[in-house]
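Structure file query.cif (mmCIF, C-alpha atoms and all ligand atoms) follows.
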```cif
data_final
#
loop_
_atom_site.label_atom_id
_atom_site.label_comp_id
_atom_site.auth_asym_id
_atom_site.auth_seq_id
_atom_site.Cartn_x
_atom_site.Cartn_y
_atom_site.Cartn_z
CA MET B 217 138.70 160.20 92.70
CA GLU B 218 136.65 158.59 89.99
CA ASP B 219 134.21 161.47 90.16
CA ILE B 220 136.98 164.00 89.74
CA LEU B 221 138.24 162.13 86.70
CA LYS B 222 134.76 162.10 85.25
CA GLU B 223 134.31 165.81 85.80
CA THR B 224 137.50 166.70 83.97
CA SER B 225 137.23 164.24 81.10
CA PHE B 226 135.45 165.25 77.96
CA GLU B 227 135.73 161.85 76.37
CA VAL B 228 132.83 159.49 76.44
CA ASN B 229 133.24 156.66 78.98
CA ASN B 230 132.62 153.01 78.17
CA LYS B 231 128.96 153.32 79.17
CA GLY B 232 128.48 156.19 76.74
CA PHE B 233 128.45 159.00 79.31
CA TYR B 234 130.02 162.45 79.37
CA GLY B 235 129.84 163.33 83.06
CA HIS B 236 126.15 162.99 83.95
CA PHE B 237 124.96 163.01 80.34
CA GLY B 238 124.67 160.50 77.52
CA GLY B 239 123.95 156.79 77.68
CA ALA B 240 121.55 154.81 75.51
CA PHE B 241 117.92 155.10 76.61
CA ILE B 242 116.27 153.10 73.88
CA PRO B 243 113.30 150.80 73.46
CA GLU B 244 114.27 147.15 73.77
CA MET B 245 113.37 146.60 70.12
CA LEU B 246 116.23 148.88 69.07
CA TYR B 247 118.81 147.29 71.33
CA PRO B 248 120.30 144.85 68.75
CA ASN B 249 120.82 147.62 66.17
CA VAL B 250 122.47 150.03 68.57
CA GLU B 251 124.51 147.28 70.19
CA GLU B 252 125.88 146.10 66.82
CA LEU B 253 127.02 149.63 66.12
CA ARG B 254 128.48 150.13 69.59
CA GLU B 255 130.48 146.91 69.38
CA ASN B 256 131.95 147.73 65.98
CA TYR B 257 132.24 151.46 65.39
CA LEU B 258 135.65 152.12 66.94
CA GLN B 259 137.28 149.10 65.41
CA ILE B 260 135.88 149.97 61.97
CA MET B 261 136.88 153.63 62.26
CA ASN B 262 140.42 152.71 63.26
CA GLU B 263 141.05 150.33 60.36
CA PRO B 264 143.72 151.75 58.05
CA GLU B 265 141.65 150.96 54.94
CA PHE B 266 138.66 152.74 56.44
CA GLN B 267 140.75 155.78 57.29
CA ALA B 268 142.28 155.80 53.80
CA GLU B 269 138.87 155.69 52.13
CA PHE B 270 137.38 158.29 54.49
CA ARG B 271 140.31 160.66 54.03
CA ALA B 272 140.31 160.28 50.24
CA LEU B 273 136.61 161.11 50.03
CA LEU B 274 137.02 164.09 52.35
CA ALA B 275 139.76 165.39 50.08
CA ASP B 276 138.38 164.67 46.62
CA TYR B 277 134.61 164.67 47.15
CA VAL B 278 133.96 167.01 50.08
CA GLY B 279 136.83 169.35 49.18
CA ARG B 280 138.87 169.21 52.39
CA PRO B 281 140.83 170.70 53.96
CA THR B 282 138.45 173.65 53.99
CA PRO B 283 140.27 177.01 54.15
CA LEU B 284 140.99 178.88 57.36
CA PHE B 285 140.36 182.44 56.21
CA LEU B 286 141.61 185.59 57.91
CA ALA B 287 138.61 187.92 57.92
CA ARG B 288 140.55 191.19 57.71
CA ARG B 289 137.77 193.72 57.62
CA LEU B 290 135.76 191.99 60.32
CA SER B 291 138.92 191.75 62.45
CA GLU B 292 139.57 195.47 61.93
CA GLN B 293 136.06 196.34 62.98
CA LEU B 294 136.33 194.28 66.17
CA ASN B 295 139.97 195.23 66.78
CA THR B 296 141.12 191.63 67.10
CA THR B 297 142.03 188.70 64.83
CA ILE B 298 139.21 186.56 63.43
CA TYR B 299 139.69 183.47 61.32
CA LEU B 300 136.75 181.74 59.64
CA LYS B 301 136.84 177.96 59.27
CA ARG B 302 135.12 177.62 55.93
CA GLU B 303 132.82 174.61 56.34
CA ASP B 304 130.47 176.51 54.02
CA LEU B 305 132.78 175.45 51.19
CA CYS B 306 132.16 171.73 51.76
CA HIS B 307 130.29 169.87 49.01
CA THR B 308 126.54 170.41 49.62
CA GLY B 309 127.29 173.65 51.49
CA ALA B 310 127.79 172.67 55.12
CA HIS B 311 129.71 170.48 57.55
CA LYS B 312 127.02 167.78 57.69
CA ILE B 313 128.61 165.80 54.87
CA ASN B 314 131.72 165.04 56.97
CA ASN B 315 129.49 162.87 59.13
CA THR B 316 127.33 161.28 56.43
CA ILE B 317 130.45 160.22 54.48
CA GLY B 318 131.83 158.60 57.63
CA GLN B 319 128.60 156.85 58.53
CA ILE B 320 127.92 155.45 55.09
CA LEU B 321 131.38 153.89 55.10
CA VAL B 322 130.56 152.31 58.49
CA ALA B 323 127.23 151.08 57.08
CA LYS B 324 128.97 149.45 54.13
CA ARG B 325 131.36 147.63 56.43
CA LEU B 326 128.39 146.36 58.44
CA ASP B 327 126.91 145.05 55.16
CA LYS B 328 123.89 147.33 55.23
CA GLN B 329 121.92 147.69 52.00
CA ARG B 330 119.71 150.59 52.97
CA ILE B 331 120.05 153.91 54.77
CA VAL B 332 117.27 155.53 56.74
CA ALA B 333 117.40 159.07 58.10
CA GLU B 334 115.11 161.76 59.38
CA THR B 335 115.38 165.41 58.54
CA GLY B 336 113.79 168.64 59.71
CA ALA B 337 114.92 171.40 57.39
CA GLY B 338 116.22 168.91 54.87
CA GLN B 339 119.93 169.71 55.19
CA HIS B 340 120.81 166.39 56.79
CA GLY B 341 118.48 164.63 54.37
CA VAL B 342 120.33 166.15 51.42
CA ALA B 343 123.74 165.22 52.89
CA THR B 344 122.47 161.66 53.41
CA ALA B 345 120.89 161.35 49.96
CA THR B 346 124.14 162.63 48.47
CA VAL B 347 126.36 159.93 50.01
CA CYS B 348 123.77 157.23 49.24
CA ALA B 349 123.95 158.22 45.57
CA LEU B 350 127.74 158.19 45.79
CA MET B 351 127.77 154.67 47.23
CA GLY B 352 124.76 153.26 45.41
CA LEU B 353 122.75 152.48 48.55
CA GLU B 354 118.99 152.82 48.89
CA CYS B 355 118.01 155.94 50.83
CA ILE B 356 114.78 156.58 52.71
CA VAL B 357 114.34 159.95 54.38
CA TYR B 358 111.47 160.65 56.76
CA MET B 359 110.34 164.24 56.90
CA GLY B 360 107.35 165.88 58.58
CA GLN B 361 104.58 166.72 56.13
CA ILE B 362 104.67 170.37 57.19
CA ASP B 363 108.46 170.52 56.88
CA MET B 364 108.17 169.08 53.35
CA GLU B 365 105.97 171.99 52.37
CA ARG B 366 108.24 174.54 54.12
CA GLN B 367 111.45 173.13 52.64
CA LYS B 368 110.37 172.17 49.15
CA PRO B 369 113.74 172.82 47.42
CA ASN B 370 115.46 170.31 49.72
CA VAL B 371 112.73 167.73 49.05
CA ASP B 372 113.35 168.23 45.33
CA ARG B 373 117.11 167.87 45.84
CA MET B 374 116.74 164.62 47.77
CA ARG B 375 114.44 163.19 45.10
CA MET B 376 116.80 164.24 42.31
CA LEU B 377 119.56 162.41 44.20
CA GLY B 378 117.44 159.27 44.13
CA ALA B 379 116.14 159.22 47.71
CA THR B 380 112.62 158.28 48.72
CA VAL B 381 111.19 161.04 50.88
CA VAL B 382 108.42 159.75 53.14
CA PRO B 383 106.07 162.29 54.75
CA ALA B 384 105.48 161.89 58.47
CA THR B 385 101.81 162.66 58.89
CA SER B 386 101.40 162.00 62.63
CA GLY B 387 101.53 164.47 65.52
CA SER B 388 102.80 167.95 64.69
CA GLN B 389 104.10 166.64 61.31
CA THR B 390 107.58 168.00 61.99
CA LEU B 391 111.01 166.69 63.02
CA LYS B 392 110.05 164.67 66.09
CA ASP B 393 107.37 162.79 64.16
CA ALA B 394 109.82 162.11 61.35
CA THR B 395 112.24 160.76 63.99
CA ASN B 396 109.56 158.43 65.36
CA GLU B 397 108.79 157.02 61.94
CA ALA B 398 112.45 156.59 61.01
CA MET B 399 112.99 154.72 64.31
CA ARG B 400 109.99 152.52 63.54
CA HIS B 401 111.45 151.73 60.13
CA TRP B 402 114.77 150.82 61.72
CA ILE B 403 113.16 148.56 64.32
CA ASN B 404 111.34 146.72 61.53
CA ASN B 405 114.47 146.34 59.37
CA PRO B 406 117.28 145.79 61.87
CA VAL B 407 119.46 143.53 59.75
CA ASP B 408 119.89 145.39 56.48
CA THR B 409 119.36 149.06 57.46
CA HIS B 410 121.66 151.67 59.00
CA TYR B 411 120.17 154.78 60.58
CA ILE B 412 122.28 157.89 59.91
CA ILE B 413 121.82 160.46 62.67
CA GLY B 414 122.83 163.97 61.64
CA SER B 415 124.22 165.50 64.82
CA VAL B 416 125.98 164.58 68.08
CA VAL B 417 122.66 163.40 69.52
CA GLY B 418 120.90 160.06 69.98
CA PRO B 419 121.90 156.98 71.97
CA HIS B 420 125.53 156.02 72.49
CA PRO B 421 127.56 155.48 70.30
CA TYR B 422 126.10 158.09 67.93
CA PRO B 423 127.27 161.25 69.75
CA ASP B 424 130.83 159.93 69.99
CA MET B 425 130.89 158.56 66.44
CA VAL B 426 129.57 161.81 64.93
CA ALA B 427 131.97 163.93 67.02
CA ARG B 428 134.89 161.83 65.79
CA PHE B 429 133.87 162.24 62.14
CA GLN B 430 133.46 166.00 62.61
CA SER B 431 136.73 166.28 64.56
CA VAL B 432 138.50 166.70 61.22
CA ILE B 433 137.47 170.36 61.58
CA SER B 434 139.68 171.06 64.63
CA GLU B 435 142.38 168.72 63.35
CA GLU B 436 142.70 171.01 60.33
CA ILE B 437 142.40 174.21 62.39
CA LYS B 438 145.42 173.16 64.50
CA LYS B 439 147.62 172.66 61.44
CA GLN B 440 146.37 175.73 59.60
CA LEU B 441 146.72 178.01 62.60
CA THR B 442 150.26 176.78 63.22
CA ASN B 443 151.13 177.80 59.66
CA LYS B 444 149.41 181.17 59.92
CA VAL B 445 150.16 182.41 63.42
CA GLY B 446 152.84 180.01 64.66
CA ARG B 447 150.75 178.25 67.29
CA PRO B 448 148.07 175.56 67.06
CA ASN B 449 145.79 177.01 69.73
CA PRO B 450 143.61 180.08 69.31
CA ASP B 451 142.28 181.99 72.32
CA TYR B 452 138.68 181.28 71.32
CA VAL B 453 136.81 178.76 69.21
CA VAL B 454 133.25 179.87 68.46
CA ALA B 455 130.51 177.74 66.92
CA CYS B 456 126.73 177.62 66.73
CA VAL B 457 124.89 174.73 68.38
CA GLY B 458 121.76 173.05 67.14
CA GLY B 459 122.40 169.46 68.15
CA GLY B 460 126.05 170.42 68.34
CA SER B 461 127.96 168.58 65.61
CA ASN B 462 129.85 171.45 63.98
CA ALA B 463 130.71 172.76 67.45
CA ALA B 464 131.82 169.30 68.61
CA GLY B 465 134.07 169.04 65.57
CA ALA B 466 135.52 172.53 66.04
CA PHE B 467 136.07 171.98 69.80
CA PHE B 468 137.23 168.35 69.69
CA HIS B 469 141.02 168.73 69.72
CA TYR B 470 140.79 171.68 72.12
CA LEU B 471 138.62 170.06 74.78
CA ASN B 472 141.63 169.36 77.00
CA GLU B 473 143.39 172.67 76.27
CA PRO B 474 142.02 174.92 79.03
CA SER B 475 143.65 178.04 77.55
CA VAL B 476 141.30 177.78 74.57
CA LYS B 477 137.90 179.25 75.38
CA LEU B 478 135.07 177.29 73.80
CA VAL B 479 132.05 179.43 72.96
CA ALA B 480 128.83 177.65 72.01
CA VAL B 481 126.09 179.81 70.52
CA GLU B 482 122.45 178.80 70.74
CA ALA B 483 119.41 180.37 69.11
CA ALA B 484 117.46 182.71 71.38
CA GLY B 485 114.81 183.01 68.65
CA MET B 486 112.57 185.98 69.37
CA GLY B 487 114.14 186.29 72.83
CA LEU B 488 114.74 184.08 75.87
CA THR B 489 111.56 185.10 77.66
CA THR B 490 109.17 185.17 74.70
CA GLY B 491 108.29 181.48 74.59
CA HIS B 492 109.70 181.41 71.04
CA SER B 493 113.27 180.23 71.56
CA ALA B 494 115.64 177.30 71.09
CA ALA B 495 118.25 178.30 73.71
CA THR B 496 118.46 174.92 75.40
CA THR B 497 121.01 175.59 78.14
CA ALA B 498 119.34 178.88 79.13
CA LEU B 499 115.85 177.40 79.29
CA GLY B 500 116.24 173.64 79.62
CA LYS B 501 116.63 171.05 82.35
CA PRO B 502 118.12 167.55 82.43
CA GLY B 503 116.01 164.81 80.93
CA VAL B 504 116.01 162.15 78.25
CA LEU B 505 115.63 163.13 74.60
CA HIS B 506 116.15 160.93 71.52
CA GLY B 507 117.91 158.18 73.43
CA SER B 508 120.30 160.07 75.67
CA ARG B 509 120.28 161.91 78.97
CA THR B 510 120.93 165.53 78.20
CA ILE B 511 119.55 169.03 78.71
CA LEU B 512 116.29 169.78 76.95
CA MET B 513 113.54 172.35 76.91
CA GLN B 514 110.52 170.90 78.69
CA THR B 515 107.36 171.79 80.53
CA GLU B 516 106.95 171.38 84.32
CA ASP B 517 105.74 167.83 83.81
CA GLY B 518 108.51 166.88 81.41
CA GLN B 519 106.85 167.27 78.00
CA VAL B 520 109.29 168.44 75.33
CA THR B 521 108.69 172.09 74.45
CA GLU B 522 108.29 173.08 70.80
CA PRO B 523 111.43 175.08 69.98
CA TYR B 524 111.60 178.11 67.71
CA SER B 525 114.42 179.73 65.74
CA ILE B 526 114.54 181.60 62.45
CA SER B 527 117.26 179.11 61.50
CA ALA B 528 116.00 175.61 60.82
CA GLY B 529 119.28 173.97 61.84
CA LEU B 530 119.17 175.44 65.35
CA ASP B 531 115.46 174.79 65.85
CA TYR B 532 115.98 171.79 68.19
CA PRO B 533 114.76 171.43 71.80
CA GLY B 534 117.92 169.72 73.09
CA ILE B 535 121.69 169.55 72.69
CA GLY B 536 124.02 166.59 72.46
CA PRO B 537 125.29 165.06 75.75
CA LEU B 538 128.85 166.28 75.20
CA HIS B 539 127.54 169.85 75.14
CA ALA B 540 125.36 169.26 78.19
CA HIS B 541 128.57 168.22 79.96
CA LEU B 542 130.54 171.21 78.63
CA PHE B 543 127.80 173.45 79.99
CA ASP B 544 127.43 171.62 83.31
CA SER B 545 131.20 171.52 83.95
CA GLY B 546 131.74 175.14 82.93
CA ARG B 547 134.21 174.14 80.19
CA GLY B 548 131.95 175.66 77.54
CA ASP B 549 130.72 179.27 77.50
CA PHE B 550 127.10 179.07 76.28
CA ARG B 551 125.53 182.17 74.75
CA ALA B 552 122.24 182.89 73.01
CA ILE B 553 121.66 185.12 69.97
CA THR B 554 118.28 186.30 68.71
CA ASP B 555 116.90 186.02 65.17
CA GLU B 556 117.35 189.75 64.72
CA GLU B 557 120.99 189.72 65.86
CA ALA B 558 121.78 186.77 63.60
CA VAL B 559 120.27 188.40 60.52
CA GLN B 560 122.17 191.64 61.21
CA ALA B 561 125.43 189.68 61.58
CA ALA B 562 124.74 187.89 58.28
CA MET B 563 124.28 191.26 56.55
CA GLU B 564 127.53 192.52 58.05
CA LEU B 565 129.60 189.50 57.15
CA SER B 566 128.26 189.60 53.60
CA ARG B 567 129.30 193.24 53.15
CA LEU B 568 132.58 193.09 55.05
CA GLU B 569 133.95 189.83 53.69
CA GLY B 570 131.87 188.87 50.65
CA ILE B 571 130.63 185.73 52.40
CA ILE B 572 126.90 185.07 52.82
CA PRO B 573 126.67 182.74 55.83
CA ALA B 574 123.95 180.25 56.69
CA LEU B 575 121.53 181.64 59.27
CA GLU B 576 122.89 179.07 61.74
CA SER B 577 126.49 180.24 61.27
CA ALA B 578 125.38 183.87 61.52
CA HIS B 579 124.58 183.22 65.19
CA ALA B 580 128.26 182.46 65.80
CA ILE B 581 129.29 185.68 64.05
CA ALA B 582 126.78 187.73 66.02
CA VAL B 583 128.26 186.74 69.39
CA LEU B 584 131.73 188.14 68.60
CA PRO B 585 131.13 191.76 69.77
CA LYS B 586 129.85 190.38 73.11
CA LEU B 587 132.98 188.42 74.03
CA GLY B 588 135.22 191.31 75.11
CA LEU B 589 137.87 190.35 72.57
CA GLN B 590 141.33 191.91 72.96
CA PRO B 591 143.71 193.09 70.21
CA ASN B 592 146.05 190.15 70.82
CA ASP B 593 143.34 187.50 70.75
CA VAL B 594 143.15 184.95 67.96
CA VAL B 595 139.59 183.77 67.37
CA VAL B 596 138.41 180.94 65.14
CA VAL B 597 134.75 180.92 64.13
CA CYS B 598 133.31 177.78 62.59
CA LEU B 599 131.34 178.98 59.58
CA SER B 600 129.15 175.87 59.44
CA GLY B 601 127.35 176.55 56.17
CA ARG B 602 126.58 178.88 53.32
CA GLY B 603 123.57 181.13 53.09
CA ASP B 604 122.10 180.29 49.68
CA LYS B 605 119.36 178.24 51.34
CA ASP B 606 118.41 181.24 53.51
CA LEU B 607 118.21 183.85 50.80
CA SER B 608 114.43 184.20 50.90
CA THR B 609 114.57 184.82 54.68
CA TYR B 610 117.33 187.41 54.26
CA THR B 611 115.43 189.07 51.41
CA LYS B 612 112.37 189.53 53.61
CA TYR B 613 114.52 191.39 56.13
CA ILE B 614 116.23 193.55 53.51
CA ASN B 615 112.86 194.59 52.10
CA ALA B 616 111.11 194.98 55.47
C1 LIG B 701 122.36 171.54 60.61
C2 LIG B 701 123.19 172.75 60.66
C3 LIG B 701 123.65 173.29 61.88
C4 LIG B 701 123.27 172.73 63.22
O1 LIG B 701 123.68 171.42 63.45
P1 LIG B 701 124.87 171.09 64.47
O2 LIG B 701 124.76 169.61 64.62
O3 LIG B 701 124.61 171.83 65.72
O4 LIG B 701 126.14 171.51 63.83
C5 LIG B 701 124.46 174.41 61.84
N1 LIG B 701 124.79 174.99 60.68
C6 LIG B 701 124.36 174.52 59.49
C7 LIG B 701 124.78 175.22 58.25
C8 LIG B 701 123.55 173.38 59.44
O5 LIG B 701 123.13 172.91 58.25
#
```

Could you write out this file's structure as structure tokens?
Amino acid sequence: MEDILKETSFEVNNKGFYGHFGGAFIPEMLYPNVEELRENYLQIMNEPEFQAEFRALLADYVGRPTPLFLARRLSEQLNTTIYLKREDLCHTGAHKINNTIGQILVAKRLDKQRIVAETGAGQHGVATATVCALMGLECIVYMGQIDMERQKPNVDRMRMLGATVVPATSGSQTLKDATNEAMRHWINNPVDTHYIIGSVVGPHPYPDMVARFQSVISEEIKKQLTNKVGRPNPDYVVACVGGGSNAAGAFFHYLNEPSVKLVAVEAAGMGLTTGHSAATTALGKPGVLHGSRTILMQTEDGQVTEPYSISAGLDYPGIGPLHAHLFDSGRGDFRAITDEEAVQAAMELSRLEGIIPALESAHAIAVLPKLGLQPNDVVVVCLSGRGDKDLSTYTKYINA
């Protein structure tokens, strides 16, 4: 009986598990930090004053609610009804700020003076530096040396916002090395530092906390769709998955509505069989990554495989434990889209709707023709971010 309940529940249990996935697999040195957060996060998030402050900042600083836009020409082309949830219109250009606003308010209530974060492409680093400036907290962002060179504009943004960007010079000098160094910093400063994780990954309670902050996305979709089509539930919700935070937010209030199909789109990179891919559910196996049991891309002997995607935000070798459970239980429909398909979809959306999407979000657009959509279907696509940051990549394709 208990097993059946577990299989059909998409809420985290009190041990931090979604089905077989989740938990907190952390070095003993980190235990006090994670435990302090675990003991306090729900109580803090449920306080009326916390909710009031969070909601006010979402409205006046982030610019929420973000519009739910009927994409008429795209709908016509696909002979169905497509709505775009415009997370690209959030302050800083993507959904990530919903989470960093929430976490910095938690950090303040835990009396933390300093925020530490790691970033790969720099998007989460910028969202973190932004809220640290807003709240006047010290901000230290670890970033792989190679990523700093590849993503110079985001390094400049973080520095302009007052953050200290520390190069991670060990290993492959990319995201995983930055993660190691940020963890080390946290272990050495457990009392006064909060570590802001940028997706629904990491040890419990991070995946649940981040999903709850991002759940404002589906909360708004339900209201907006009721106004527009007379029912809160679409037939499909579609979102791209790197770690899975925009998807978790877009799916959250539909997890227990079986009539709503949840489509999660991963990056196939150059193709599933090329060895240059980030399609975790297609290529991965269960294992432990960044503090939780999940599905990750790994070699025969369990070494994490270097992922690849044209889009920096999807270039991650794992997925959050909620998504591993959605995949494992069959609740989620996991698809993979190649670089080429994503770029083509970005070109199409730009010309059909006047919206240049982030490369990540373009993966969600690209899957639409493959879903067998019917004329009566109502589809909501989470447009996680805007494409300004990807313009040089798009330009290379246009001119190729
Ligand atoms: C970071 C990012 C993603 C991927 O992160 P998730 O946690 O999977 O949402 C997707 N889209 C954009 C625009 C991003 O910046």

With ligand LIG 701 (chain B) as the partner and 6 Å as the cut-off, tabulate the residues of chain B that qualify, each row holding the nearest pair of atoms and their distance in Å to one decimal, using only C-alpha atoms and all ligand atoms, sorted by chain and rising number, as CSV.
```
residue,atom,partner,partner_atom,distance
B:Ala310,CA,B:LIG701,C7,5.0
B:Gln339,CA,B:LIG701,O5,5.5
B:Ser415,CA,B:LIG701,O2,4.2
B:Val457,CA,B:LIG701,O3,3.9
B:Gly458,CA,B:LIG701,O3,3.4
B:Gly459,CA,B:LIG701,O3,4.1
B:Gly460,CA,B:LIG701,O3,3.3
B:Ser461,CA,B:LIG701,O2,3.5
B:Asn462,CA,B:LIG701,O4,3.7
B:Ala463,CA,B:LIG701,O4,6.0
B:Gly529,CA,B:LIG701,C1,4.1
B:Leu530,CA,B:LIG701,C4,5.4
B:Ala574,CA,B:LIG701,C7,5.3
B:Glu576,CA,B:LIG701,N1,4.6
B:Ser577,CA,B:LIG701,N1,5.5
B:Ser600,CA,B:LIG701,C7,4.6
B:Gly601,CA,B:LIG701,C7,3.6
```

Create the file for the chosen residues now, containing C-alpha atoms and written as an mmCIF file, in the frame of the given file.
```
data_model
loop_
_atom_site.group_PDB
_atom_site.id
_atom_site.type_symbol
_atom_site.label_atom_id
_atom_site.label_comp_id
_atom_site.auth_asym_id
_atom_site.auth_seq_id
_atom_site.Cartn_x
_atom_site.Cartn_y
_atom_site.Cartn_z
ATOM 1 C CA ALA B 310 127.790 172.670 55.120
ATOM 2 C CA GLN B 339 119.930 169.710 55.190
ATOM 3 C CA SER B 415 124.220 165.500 64.820
ATOM 4 C CA VAL B 457 124.890 174.730 68.380
ATOM 5 C CA GLY B 458 121.760 173.050 67.140
ATOM 6 C CA GLY B 459 122.400 169.460 68.150
ATOM 7 C CA GLY B 460 126.050 170.420 68.340
ATOM 8 C CA SER B 461 127.960 168.580 65.610
ATOM 9 C CA ASN B 462 129.850 171.450 63.980
ATOM 10 C CA ALA B 463 130.710 172.760 67.450
ATOM 11 C CA GLY B 529 119.280 173.970 61.840
ATOM 12 C CA LEU B 530 119.170 175.440 65.350
ATOM 13 C CA ALA B 574 123.950 180.250 56.690
ATOM 14 C CA GLU B 576 122.890 179.070 61.740
ATOM 15 C CA SER B 577 126.490 180.240 61.270
ATOM 16 C CA SER B 600 129.150 175.870 59.440
ATOM 17 C CA GLY B 601 127.350 176.550 56.170
#
```

Counting all atoms listed in the file, write as a ChimeraX atom specification all protein and nucleic acid residues lying at most 8 Å from (136.5, 176.7, 55.0) in the file's frame. /B:281-285,300-306,599

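For the choices B:Pro264, B:Gly318, B:Gly446, B:Gly309, the atom-to-atom distance to Pro573 of chain B is smallest for B:Gly309 when using all atoms listed in the file.
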
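Relative to atom CA of Asp549 of chain B, atom CA of Val453 of chain B is found at 10.3 Å.
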
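Nearest-residue note for Tyr411 of chain B: choosing from B:Lys444, B:Lys439, B:Lys328, B:Arg373, the minimum distance belongs to B:Lys328, counting only C-alpha atoms.
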
Test item: residues at most 10 Å from Gly570 of chain B, all atoms listed in the file, excluding those fewer than 6 positions along its chain, as JSON, numbers by chain: {"B": [287, 563, 564]}

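Atom pair atom CA of Asn314 of chain B / atom CA of Ala384 of chain B: separated by 26.5 Å.
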
Around (107.8, 171.8, 80.3), as given in the file, which residues come within 12 Å? Count only C-alpha atoms and list them as a ChimeraX atom specification. /B:491,499-503,512-523,533

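Among the candidate residues B:His541, B:Lys368, B:Arg280, B:Arg428, the one lying nearest to Lys605 of chain B is B:Lys368, with distances computed using all atoms listed in the file.
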
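Compared by their closest atoms to Leu587 of chain B, and using all atoms listed in the file, the residues B:Asp451, B:Glu556, B:Glu255, B:Glu436 rank with B:Asp451 nearest.
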
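Distances to Phe543 of chain B were evaluated for B:Gln319, B:Ser493, B:Gln389, B:Thr510 using all atoms listed in the file, and the minimum falls at B:Thr510.
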
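When only C-alpha atoms are used to measure the gap to Tyr358 of chain B, the shortest distance among B:Pro383, B:Asn615, B:Thr346, B:Gly378 belongs to B:Pro383.
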
Place N, CA, C and O atoms on segment 535-547 of chain B and deliver the coordinates as an mmCIF file, in the coordinates of the input.
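Below is the file selection.cif, written as the result:
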```cif
data_model
loop_
_atom_site.group_PDB
_atom_site.id
_atom_site.type_symbol
_atom_site.label_atom_id
_atom_site.label_comp_id
_atom_site.auth_asym_id
_atom_site.auth_seq_id
_atom_site.Cartn_x
_atom_site.Cartn_y
_atom_site.Cartn_z
ATOM 1 N N ILE B 535 120.314 169.494 73.191
ATOM 2 C CA ILE B 535 121.690 169.550 72.690
ATOM 3 C C ILE B 535 122.289 168.172 72.935
ATOM 4 O O ILE B 535 121.778 167.414 73.760
ATOM 5 N N GLY B 536 123.370 167.867 72.242
ATOM 6 C CA GLY B 536 124.020 166.590 72.460
ATOM 7 C C GLY B 536 124.598 166.492 73.866
ATOM 8 O O GLY B 536 124.865 167.509 74.512
ATOM 9 N N PRO B 537 124.807 165.260 74.373
ATOM 10 C CA PRO B 537 125.290 165.060 75.750
ATOM 11 C C PRO B 537 126.678 165.636 76.016
ATOM 12 O O PRO B 537 126.950 166.080 77.137
ATOM 13 N N LEU B 538 127.548 165.646 75.009
ATOM 14 C CA LEU B 538 128.850 166.280 75.200
ATOM 15 C C LEU B 538 128.668 167.752 75.566
ATOM 16 O O LEU B 538 129.304 168.275 76.490
ATOM 17 N N HIS B 539 127.762 168.426 74.873
ATOM 18 C CA HIS B 539 127.540 169.850 75.140
ATOM 19 C C HIS B 539 126.870 170.073 76.492
ATOM 20 O O HIS B 539 127.182 171.047 77.187
ATOM 21 N N ALA B 540 125.968 169.161 76.863
ATOM 22 C CA ALA B 540 125.360 169.260 78.190
ATOM 23 C C ALA B 540 126.463 169.209 79.256
ATOM 24 O O ALA B 540 126.442 169.956 80.240
ATOM 25 N N HIS B 541 127.450 168.351 79.024
ATOM 26 C CA HIS B 541 128.570 168.220 79.960
ATOM 27 C C HIS B 541 129.477 169.450 79.920
ATOM 28 O O HIS B 541 129.967 169.912 80.959
ATOM 29 N N LEU B 542 129.719 169.992 78.735
ATOM 30 C CA LEU B 542 130.540 171.210 78.630
ATOM 31 C C LEU B 542 129.872 172.362 79.376
ATOM 32 O O LEU B 542 130.539 173.178 80.031
ATOM 33 N N PHE B 543 128.553 172.405 79.293
ATOM 34 C CA PHE B 543 127.800 173.450 79.990
ATOM 35 C C PHE B 543 127.852 173.217 81.504
ATOM 36 O O PHE B 543 128.221 174.106 82.285
ATOM 37 N N ASP B 544 127.533 171.998 81.898
ATOM 38 C CA ASP B 544 127.430 171.620 83.310
ATOM 39 C C ASP B 544 128.784 171.790 84.026
ATOM 40 O O ASP B 544 128.840 172.229 85.167
ATOM 41 N N SER B 545 129.863 171.468 83.341
ATOM 42 C CA SER B 545 131.200 171.520 83.950
ATOM 43 C C SER B 545 131.803 172.913 83.888
ATOM 44 O O SER B 545 132.835 173.175 84.499
ATOM 45 N N GLY B 546 131.190 173.802 83.101
ATOM 46 C CA GLY B 546 131.740 175.140 82.930
ATOM 47 C C GLY B 546 132.817 175.226 81.861
ATOM 48 O O GLY B 546 133.350 176.308 81.595
ATOM 49 N N ARG B 547 133.160 174.107 81.226
ATOM 50 C CA ARG B 547 134.210 174.140 80.190
ATOM 51 C C ARG B 547 133.750 174.977 78.983
ATOM 52 O O ARG B 547 134.554 175.651 78.346
#
```
